[in-house]
file my_file33.cif (mmCIF, C-alpha atoms)
data_start
#
loop_
_atom_site.label_atom_id
_atom_site.label_comp_id
_atom_site.auth_asym_id
_atom_site.auth_seq_id
_atom_site.Cartn_x
_atom_site.Cartn_y
_atom_site.Cartn_z
CA MET A 1 0.00 0.00 0.00
CA ASN A 2 1.35 3.33 -0.99
CA GLU A 3 -0.01 6.23 1.03
CA ARG A 4 1.80 8.87 -0.93
CA VAL A 5 0.64 11.27 -3.57
CA VAL A 6 1.65 9.63 -6.82
CA ILE A 7 1.97 11.47 -10.09
CA ALA A 8 3.22 9.66 -13.17
CA PRO A 9 6.67 10.76 -14.42
CA VAL A 10 6.93 13.29 -17.22
CA ARG A 11 9.05 12.04 -20.15
CA LYS A 12 10.03 14.23 -23.06
CA THR A 13 12.32 13.70 -25.99
CA VAL A 14 13.53 16.28 -28.42
CA ARG A 15 15.92 15.97 -31.37
CA VAL A 16 18.23 18.91 -31.85
CA LYS A 17 20.15 19.58 -35.04
CA ALA A 18 23.42 20.40 -33.30
CA PRO A 19 26.33 18.28 -32.00
CA ILE A 20 26.10 16.83 -28.51
CA ALA A 21 28.68 19.17 -26.93
CA HIS A 22 26.86 22.21 -28.26
CA ALA A 23 23.46 20.94 -27.14
CA PHE A 24 24.75 20.25 -23.64
CA GLU A 25 26.43 23.63 -23.45
CA VAL A 26 23.31 25.50 -24.52
CA PHE A 27 21.12 23.53 -22.12
CA THR A 28 23.34 24.28 -19.12
CA SER A 29 25.56 27.37 -19.43
CA GLY A 30 23.22 28.89 -22.00
CA LEU A 31 20.08 28.37 -19.94
CA THR A 32 19.09 32.01 -19.79
CA ARG A 33 19.20 32.25 -23.60
CA TRP A 34 16.32 29.85 -24.06
CA TRP A 35 14.39 29.33 -20.84
CA PRO A 36 10.96 30.90 -21.36
CA HIS A 37 11.03 33.84 -18.98
CA ASP A 38 7.29 33.89 -18.58
CA HIS A 39 7.48 30.24 -17.76
CA GLY A 40 8.50 30.16 -14.13
CA VAL A 41 6.34 28.25 -11.72
CA GLY A 42 6.33 31.32 -9.51
CA LYS A 43 4.54 34.59 -9.92
CA LYS A 44 7.46 37.00 -10.04
CA PRO A 45 8.65 37.95 -13.52
CA ILE A 46 11.98 36.29 -14.26
CA GLN A 47 14.82 38.48 -15.41
CA LYS A 48 17.56 35.93 -15.75
CA VAL A 49 18.01 32.20 -15.29
CA LEU A 50 21.46 30.85 -14.48
CA MET A 51 22.88 27.41 -14.12
CA GLU A 52 26.16 26.91 -12.29
CA PRO A 53 27.66 24.29 -14.61
CA ARG A 54 29.16 21.83 -12.13
CA LEU A 55 28.27 19.12 -9.62
CA GLY A 56 26.45 20.81 -6.74
CA GLY A 57 25.74 23.84 -8.92
CA ARG A 58 22.42 25.60 -8.66
CA TRP A 59 19.73 26.61 -11.11
CA LEU A 60 19.09 30.19 -10.11
CA GLU A 61 16.26 32.45 -11.07
CA ILE A 62 16.84 36.13 -10.73
CA ALA A 63 13.65 38.17 -10.56
CA GLU A 64 13.23 41.68 -11.89
CA ASP A 65 13.54 43.03 -8.36
CA GLY A 66 16.90 41.25 -7.98
CA THR A 67 15.66 38.42 -5.79
CA GLU A 68 17.71 35.27 -6.30
CA THR A 69 16.00 31.94 -5.95
CA SER A 70 17.51 28.51 -6.13
CA VAL A 71 15.21 26.33 -8.20
CA ALA A 72 17.30 23.19 -8.46
CA THR A 73 20.64 21.65 -7.47
CA ILE A 74 22.78 19.52 -9.75
CA THR A 75 23.35 16.10 -8.23
CA LEU A 76 24.94 14.36 -11.20
CA TRP A 77 27.17 16.09 -13.71
CA GLU A 78 28.48 14.12 -16.69
CA PRO A 79 29.02 16.55 -19.55
CA PRO A 80 28.05 16.20 -22.34
CA HIS A 81 25.95 13.11 -21.64
CA ARG A 82 23.83 13.60 -18.59
CA LEU A 83 22.82 15.81 -15.72
CA VAL A 84 20.44 15.20 -12.85
CA MET A 85 18.91 17.93 -10.74
CA LEU A 86 16.92 17.96 -7.55
CA TRP A 87 14.05 20.16 -8.54
CA GLN A 88 12.16 22.21 -5.99
CA ILE A 89 8.76 22.53 -7.51
CA ASN A 90 7.49 24.84 -4.84
CA ALA A 91 5.97 27.73 -6.74
CA GLN A 92 6.62 30.14 -3.90
CA TRP A 93 10.30 29.40 -4.25
CA LYS A 94 10.67 28.34 -0.67
CA PRO A 95 13.29 25.63 -0.39
CA ASP A 96 11.49 22.57 0.88
CA ALA A 97 13.35 19.27 1.15
CA ALA A 98 10.10 17.33 0.97
CA MET A 99 9.16 18.92 -2.32
CA LYS A 100 12.16 17.92 -4.36
CA SER A 101 11.42 15.91 -7.42
CA GLU A 102 14.14 14.91 -9.85
CA VAL A 103 14.88 16.11 -13.37
CA ASP A 104 17.14 13.74 -15.30
CA VAL A 105 18.37 14.94 -18.69
CA ARG A 106 20.29 12.64 -21.06
CA PHE A 107 22.03 13.65 -24.25
CA SER A 108 23.01 11.17 -26.94
CA ALA A 109 24.62 11.80 -30.30
CA ASP A 110 22.35 11.08 -33.23
CA GLY A 111 24.98 11.26 -35.93
CA PRO A 112 27.74 13.90 -35.87
CA ASP A 113 25.38 16.84 -36.19
CA ALA A 114 22.32 15.96 -34.16
CA THR A 115 21.52 15.16 -30.55
CA ARG A 116 18.69 13.36 -28.87
CA VAL A 117 17.73 14.93 -25.56
CA GLU A 118 15.60 12.90 -23.18
CA LEU A 119 14.15 14.58 -20.15
CA LEU A 120 12.59 12.69 -17.28
CA HIS A 121 10.91 14.58 -14.46
CA HIS A 122 9.97 12.11 -11.77
CA LYS A 123 9.87 11.21 -8.08
CA PHE A 124 6.85 13.41 -7.53
CA GLU A 125 5.91 10.97 -4.82
CA THR A 126 8.28 12.86 -2.52
CA MET A 127 5.35 15.23 -2.16
CA GLY A 128 3.42 13.97 0.77
CA ALA A 129 6.16 11.74 2.07
CA GLU A 130 6.09 13.71 5.30
CA ALA A 131 2.57 12.77 6.21
CA GLY A 132 4.02 9.97 8.24
CA ALA A 133 3.07 6.62 9.63
CA SER A 134 0.11 7.87 11.67
CA MET A 135 -1.67 8.59 8.42
CA ARG A 136 -1.14 5.14 7.06
CA LYS A 137 -3.91 3.56 9.09
CA ASP A 138 -6.50 6.11 7.92
CA VAL A 139 -5.51 5.69 4.35
CA ASP A 140 -5.31 1.93 4.37
CA GLY A 141 -8.93 1.76 5.35
CA GLY A 142 -10.14 4.18 2.75
CA TRP A 143 -8.84 4.76 -0.66
CA PRO A 144 -6.64 1.93 -1.83
CA GLY A 145 -4.42 3.28 -4.55
CA LEU A 146 -7.13 5.03 -6.52
CA ILE A 147 -4.95 7.94 -7.55
CA GLU A 148 -2.25 5.53 -8.63
CA ARG A 149 -4.62 3.56 -10.81
CA PHE A 150 -6.18 6.71 -12.19
CA VAL A 151 -2.83 8.16 -13.14
CA GLN A 152 -1.60 4.89 -14.63
CA GLU A 153 -4.70 4.62 -16.74
CA ALA A 154 -4.38 8.18 -17.98
CA GLU A 155 -0.75 7.51 -18.78
CA ARG A 156 -1.64 4.38 -20.73
CA SER A 157 -4.38 6.01 -22.73
CA LYS A 158 -2.11 8.90 -23.53
CA SER A 159 0.72 6.86 -24.98
CA MET B 160 -3.43 28.97 -13.31
CA ALA B 161 -4.54 26.27 -10.94
CA TYR B 162 -1.57 23.98 -11.53
CA GLY B 163 1.21 26.30 -10.55
CA SER B 164 -0.72 27.03 -7.42
CA ALA B 165 -1.38 23.33 -6.83
CA LEU B 166 2.37 22.88 -6.50
CA ALA B 167 2.66 25.81 -4.16
CA VAL B 168 -0.27 24.66 -2.10
CA LEU B 169 1.08 21.15 -1.61
CA ALA B 170 4.43 22.56 -0.51
CA ASP B 171 3.00 23.33 2.91
CA PRO B 172 3.48 20.30 5.21
CA THR B 173 0.27 20.88 7.20
CA ARG B 174 -1.72 21.29 4.02
CA ARG B 175 -0.23 18.09 2.68
CA GLN B 176 -1.36 16.38 5.86
CA VAL B 177 -4.90 17.67 5.39
CA PHE B 178 -4.79 16.59 1.76
CA GLU B 179 -3.62 13.10 2.65
CA ARG B 180 -6.27 12.73 5.32
CA LEU B 181 -8.84 13.31 2.62
CA ARG B 182 -7.56 10.28 0.79
CA ALA B 183 -9.42 8.19 3.37
CA GLY B 184 -12.67 9.65 2.03
CA PRO B 185 -14.83 12.79 2.34
CA ARG B 186 -14.63 14.44 5.76
CA PRO B 187 -15.99 17.48 7.59
CA VAL B 188 -13.53 20.03 9.00
CA ASN B 189 -13.76 18.93 12.62
CA VAL B 190 -12.80 15.35 11.73
CA LEU B 191 -9.93 16.56 9.58
CA ALA B 192 -8.70 18.88 12.33
CA ALA B 193 -8.76 16.23 15.07
CA GLY B 194 -5.22 15.30 16.02
CA LEU B 195 -3.56 17.96 13.90
CA PRO B 196 -1.35 20.47 15.73
CA VAL B 197 -3.25 23.45 14.27
CA SER B 198 -6.58 25.06 15.06
CA ARG B 199 -9.79 24.30 13.23
CA PRO B 200 -9.93 27.74 11.56
CA ALA B 201 -6.38 27.11 10.35
CA VAL B 202 -7.49 23.80 8.85
CA SER B 203 -10.38 25.65 7.16
CA GLN B 204 -7.86 28.04 5.65
CA HIS B 205 -5.78 25.16 4.36
CA LEU B 206 -8.89 23.58 2.86
CA LYS B 207 -9.74 26.84 1.13
CA ALA B 208 -6.25 27.00 -0.37
CA LEU B 209 -6.54 23.39 -1.56
CA LYS B 210 -9.96 24.14 -3.01
CA ASP B 211 -8.72 27.26 -4.82
CA ALA B 212 -5.95 25.18 -6.34
CA GLY B 213 -8.50 22.68 -7.65
CA LEU B 214 -7.32 19.85 -5.43
CA VAL B 215 -10.33 19.66 -3.13
CA ASP B 216 -14.11 19.84 -3.57
CA GLU B 217 -16.59 21.11 -1.02
CA ARG B 218 -20.27 20.34 -0.62
CA SER B 219 -22.95 21.12 1.95
CA GLU B 220 -24.67 18.41 3.91
CA GLY B 221 -27.26 20.12 6.11
CA VAL B 222 -25.30 22.64 8.14
CA ARG B 223 -22.00 20.85 7.66
CA ARG B 224 -19.56 21.27 4.87
CA ILE B 225 -17.94 18.10 3.60
CA TYR B 226 -14.60 18.15 1.85
CA SER B 227 -13.32 15.58 -0.59
CA LEU B 228 -10.32 15.15 -2.88
CA ARG B 229 -10.67 16.25 -6.46
CA ARG B 230 -8.80 13.57 -8.35
CA GLU B 231 -8.83 15.58 -11.57
CA GLY B 232 -6.76 18.18 -9.75
CA LEU B 233 -3.75 15.88 -9.66
CA MET B 234 -4.21 14.98 -13.31
CA GLU B 235 -4.32 18.65 -14.24
CA LEU B 236 -1.12 19.17 -12.30
CA ARG B 237 0.49 16.32 -14.20
CA GLU B 238 -0.67 17.70 -17.53
CA TRP B 239 0.55 21.15 -16.64
CA LEU B 240 4.03 19.74 -15.91
CA ASP B 241 3.91 17.89 -19.19
CA GLY B 242 3.15 21.06 -21.13
CA PHE B 243 5.69 23.00 -19.08
CA TRP B 244 8.53 20.75 -20.28
CA THR B 245 7.23 20.55 -23.85
CA ASP B 246 7.39 24.33 -24.14
CA ALA B 247 10.76 24.54 -22.41
CA LEU B 248 12.38 21.88 -24.62
CA GLU B 249 10.97 23.46 -27.74
CA ALA B 250 12.57 26.77 -26.77
CA PHE B 251 15.84 24.94 -26.03
CA LYS B 252 15.83 23.25 -29.44
CA LEU B 253 15.30 26.56 -31.23
CA GLU B 254 18.17 28.24 -29.41
CA ALA B 255 20.59 25.30 -29.76
CA GLU B 256 19.94 25.06 -33.50
CA LYS B 257 20.06 28.78 -34.09
CA SER B 258 23.36 29.24 -32.25
CA HIS B 259 24.86 26.17 -33.90
CA LYS B 260 23.95 27.47 -37.35
CA ALA B 261 25.37 30.90 -36.50
CA SER B 262 28.69 29.42 -35.32
CA ARG B 263 29.05 27.39 -38.51
CA SER B 264 28.49 30.35 -40.80
CA GLU B 265 31.05 32.52 -39.01
#

call {"tool": "encode", "arguments": {"input": "my_file33.cif", "output": "structure tokens"}}
result
Amino acid sequence: MNERVVIAPVRKTVRVKAPIAHAFEVFTSGLTRWWPHDHGVGKKPIQKVLMEPRLGGRWLEIAEDGTETSVATITLWEPPHRLVMLWQINAQWKPDAAMKSEVDVRFSADGPDATRVELLHHKFETMGAEAGASMRKDVDGGWPGLIERFVQEAERSKS
Amino acid sequence: MAYGSALAVLADPTRRQVFERLRAGPRPVNVLAAGLPVSRPAVSQHLKALKDAGLVDERSEGVRRIYSLRREGLMELREWLDGFWTDALEAFKLEAEKSHKASRSE
């Protein structure tokens, strides 16, 4: 029995007509050049988005009023093949250990001049992990895995 | 947008607790508040936030108000995330290709 909030992983693939090193470089160091600035989860307008390109580096959003917010932390750094980030999907930009999902981005060469980029955003089940063992009893008696089944079904019908 | 706020709303540990309690089935406020370290009005506030974010439904039963989970809310959140990354990767592709082309023609 899983008492947590379960949301199916998001998987995305995109093929880029550029070599792998270039694609990786643009994705990471060049983040602010492409990240949709109206596309933050938060409400403040984004002025700049930076990624510190190294293990332990942060994904930083800088708002128009100068406020710096750490959105994610790099936990695996294998240029130009892969990076993994702990992603804080709290829209109020409050760091919250319980809210960290994981964004895993893999780059693979598709010929000398193209790159396949696969993005996986998962581990949403960390949301709600804090509810604790006292909740388990309540939940066990009530709603056995309905959300899980619902999400799985939606996922199946989508693909 | 309800989905961005759904993420924000679930970030609060107490709210998450209220949300998870609702997974056992529809409940009135007093039942939800029992055993939680916050006051009943505070729980009502959390329920309102969850409702505004589309994660919880509310209905009247006589004088009581009964709260229940809105399953579609989680699906909407999932779909929002899906679209979020689609847009972001599309923007990334454009920039990577544009800058690659530019560097080749230099």

call {"tool": "residues_around", "arguments": {"input": "my_file33.cif", "residues": "B:His205", "least_positions_apart": "3", "cutoff": "8 Å", "atoms": "all atoms listed in the file", "output": "list in words"}}
result
Thr173, Arg174, Val177, Ala201, Val202, Ala208 and Leu209 of chain B

call {"tool": "closest_atom_pairs", "arguments": {"input": "my_file33.cif", "of": "stretch 99-124 of chain A", "to": "stretch 76-86 of chain A", "cutoff": "8 Å", "atoms": "all atoms listed in the file", "output": "JSON lines"}}
result
{"residue": "A:Lys100", "atom": "CA", "partner": "A:Leu86", "partner_atom": "CA", "distance": 5.7}
{"residue": "A:Ser101", "atom": "CA", "partner": "A:Leu86", "partner_atom": "CA", "distance": 5.9}
{"residue": "A:Glu102", "atom": "CA", "partner": "A:Leu86", "partner_atom": "CA", "distance": 4.7}
{"residue": "A:Val103", "atom": "CA", "partner": "A:Met85", "partner_atom": "CA", "distance": 5.1}
{"residue": "A:Asp104", "atom": "CA", "partner": "A:Val84", "partner_atom": "CA", "distance": 4.4}
{"residue": "A:Val105", "atom": "CA", "partner": "A:Leu83", "partner_atom": "CA", "distance": 5.4}
{"residue": "A:Arg106", "atom": "CA", "partner": "A:Arg82", "partner_atom": "CA", "distance": 4.4}
{"residue": "A:Phe107", "atom": "CA", "partner": "A:His81", "partner_atom": "CA", "distance": 4.7}
{"residue": "A:Ser108", "atom": "CA", "partner": "A:His81", "partner_atom": "CA", "distance": 6.4}

call {"tool": "resolve_selection", "arguments": {"input": "my_file33.cif", "expression": "the PyMOL selection byres ((chain B and resi 230-247) around 6)", "output": "short mmCIF file (atom, residue, chain, number, x, y, z; two decimals) with C-alpha atoms, in the frame of the given file"}}
result
data_model
loop_
_atom_site.label_atom_id
_atom_site.label_comp_id
_atom_site.auth_asym_id
_atom_site.auth_seq_id
_atom_site.Cartn_x
_atom_site.Cartn_y
_atom_site.Cartn_z
CA VAL A 10 6.93 13.29 -17.22
CA TYR B 162 -1.57 23.98 -11.53
CA GLY B 213 -8.50 22.68 -7.65
CA LEU B 214 -7.32 19.85 -5.43
CA LEU B 228 -10.32 15.15 -2.88
CA ARG B 229 -10.67 16.25 -6.46
CA LEU B 248 12.38 21.88 -24.62
CA GLU B 249 10.97 23.46 -27.74
CA ALA B 250 12.57 26.77 -26.77
#

call {"tool": "closest_residue", "arguments": {"input": "my_file33.cif", "among": "A:Ala63, A:Ala21, A:Ala109, A:Ile46", "to": "chain B", "atoms": "only C-alpha atoms"}}
result
A:Ala21

call {"tool": "atom_distance", "arguments": {"input": "my_file33.cif", "atom1": "atom CA of A:Ala114", "atom2": "atom CA of B:Glu256"}}
result
9.4 Å

call {"tool": "resolve_selection", "arguments": {"input": "my_file33.cif", "expression": "the PyMOL selection byres ((chain A and resi 113) around 9)", "output": "PDB file with C-alpha atoms, in the frame of the given file"}}
result
ATOM      1  CA  VAL A  16      18.230  18.910 -31.850  1.00  0.00           C
ATOM      2  CA  LYS A  17      20.150  19.580 -35.040  1.00  0.00           C
ATOM      3  CA  ALA A  18      23.420  20.400 -33.300  1.00  0.00           C
ATOM      4  CA  PRO A  19      26.330  18.280 -32.000  1.00  0.00           C
ATOM      5  CA  ILE A  20      26.100  16.830 -28.510  1.00  0.00           C
ATOM      6  CA  ALA A 109      24.620  11.800 -30.300  1.00  0.00           C
ATOM      7  CA  ASP A 110      22.350  11.080 -33.230  1.00  0.00           C
ATOM      8  CA  GLY A 111      24.980  11.260 -35.930  1.00  0.00           C
ATOM      9  CA  PRO A 112      27.740  13.900 -35.870  1.00  0.00           C
ATOM     10  CA  ALA A 114      22.320  15.960 -34.160  1.00  0.00           C
ATOM     11  CA  THR A 115      21.520  15.160 -30.550  1.00  0.00           C
TER      12      THR A 115
END

call {"tool": "atom_distance", "arguments": {"input": "my_file33.cif", "atom1": "atom CA of A:Val14", "atom2": "atom CA of A:Phe27"}}
result
12.2 Å

call {"tool": "residues_around", "arguments": {"input": "my_file33.cif", "residues": "B:Arg223", "least_positions_apart": "6", "cutoff": "12 Å", "atoms": "all atoms listed in the file", "output": "ChimeraX atom specification"}}
result
/B:186-190,217

call {"tool": "atom_distance", "arguments": {"input": "my_file33.cif", "atom1": "atom CA of A:Leu120", "atom2": "atom CA of B:Leu169"}}
result
21.2 Å

call {"tool": "closest_residue", "arguments": {"input": "my_file33.cif", "among": "B:Arg199, B:Lys252, B:Arg224, B:Arg263", "to": "chain A", "atoms": "only C-alpha atoms"}}
result
B:Lys252

call {"tool": "resolve_selection", "arguments": {"input": "my_file33.cif", "expression": "the PyMOL selection byres ((chain A and resi 70) around 8)", "output": "PyMOL selection string"}}
result
chain A and resi 58-61+68-69+71-73+93+95

call {"tool": "decode", "arguments": {"input": "my_file33.cif", "residues": "stretch 174-206 of chain B", "atoms": "C-alpha atoms", "output": "mmCIF file, in the first residue's frame"}}
result
data_model
loop_
_atom_site.group_PDB
_atom_site.id
_atom_site.type_symbol
_atom_site.label_atom_id
_atom_site.label_comp_id
_atom_site.auth_asym_id
_atom_site.auth_seq_id
_atom_site.Cartn_x
_atom_site.Cartn_y
_atom_site.Cartn_z
ATOM 1 C CA ARG B 174 -1.717 21.290 4.017
ATOM 2 C CA ARG B 175 -0.232 18.093 2.683
ATOM 3 C CA GLN B 176 -1.356 16.378 5.864
ATOM 4 C CA VAL B 177 -4.898 17.669 5.393
ATOM 5 C CA PHE B 178 -4.785 16.593 1.762
ATOM 6 C CA GLU B 179 -3.618 13.098 2.645
ATOM 7 C CA ARG B 180 -6.269 12.730 5.324
ATOM 8 C CA LEU B 181 -8.843 13.308 2.621
ATOM 9 C CA ARG B 182 -7.560 10.276 0.787
ATOM 10 C CA ALA B 183 -9.423 8.191 3.368
ATOM 11 C CA GLY B 184 -12.674 9.654 2.034
ATOM 12 C CA PRO B 185 -14.831 12.789 2.338
ATOM 13 C CA ARG B 186 -14.631 14.444 5.761
ATOM 14 C CA PRO B 187 -15.989 17.480 7.590
ATOM 15 C CA VAL B 188 -13.526 20.035 9.000
ATOM 16 C CA ASN B 189 -13.755 18.925 12.623
ATOM 17 C CA VAL B 190 -12.803 15.348 11.735
ATOM 18 C CA LEU B 191 -9.928 16.565 9.582
ATOM 19 C CA ALA B 192 -8.704 18.885 12.330
ATOM 20 C CA ALA B 193 -8.755 16.229 15.067
ATOM 21 C CA GLY B 194 -5.220 15.302 16.018
ATOM 22 C CA LEU B 195 -3.563 17.959 13.902
ATOM 23 C CA PRO B 196 -1.350 20.467 15.729
ATOM 24 C CA VAL B 197 -3.248 23.450 14.274
ATOM 25 C CA SER B 198 -6.582 25.063 15.064
ATOM 26 C CA ARG B 199 -9.789 24.297 13.232
ATOM 27 C CA PRO B 200 -9.928 27.737 11.561
ATOM 28 C CA ALA B 201 -6.382 27.115 10.353
ATOM 29 C CA VAL B 202 -7.491 23.803 8.855
ATOM 30 C CA SER B 203 -10.376 25.646 7.160
ATOM 31 C CA GLN B 204 -7.863 28.044 5.655
ATOM 32 C CA HIS B 205 -5.778 25.155 4.358
ATOM 33 C CA LEU B 206 -8.895 23.578 2.856
#
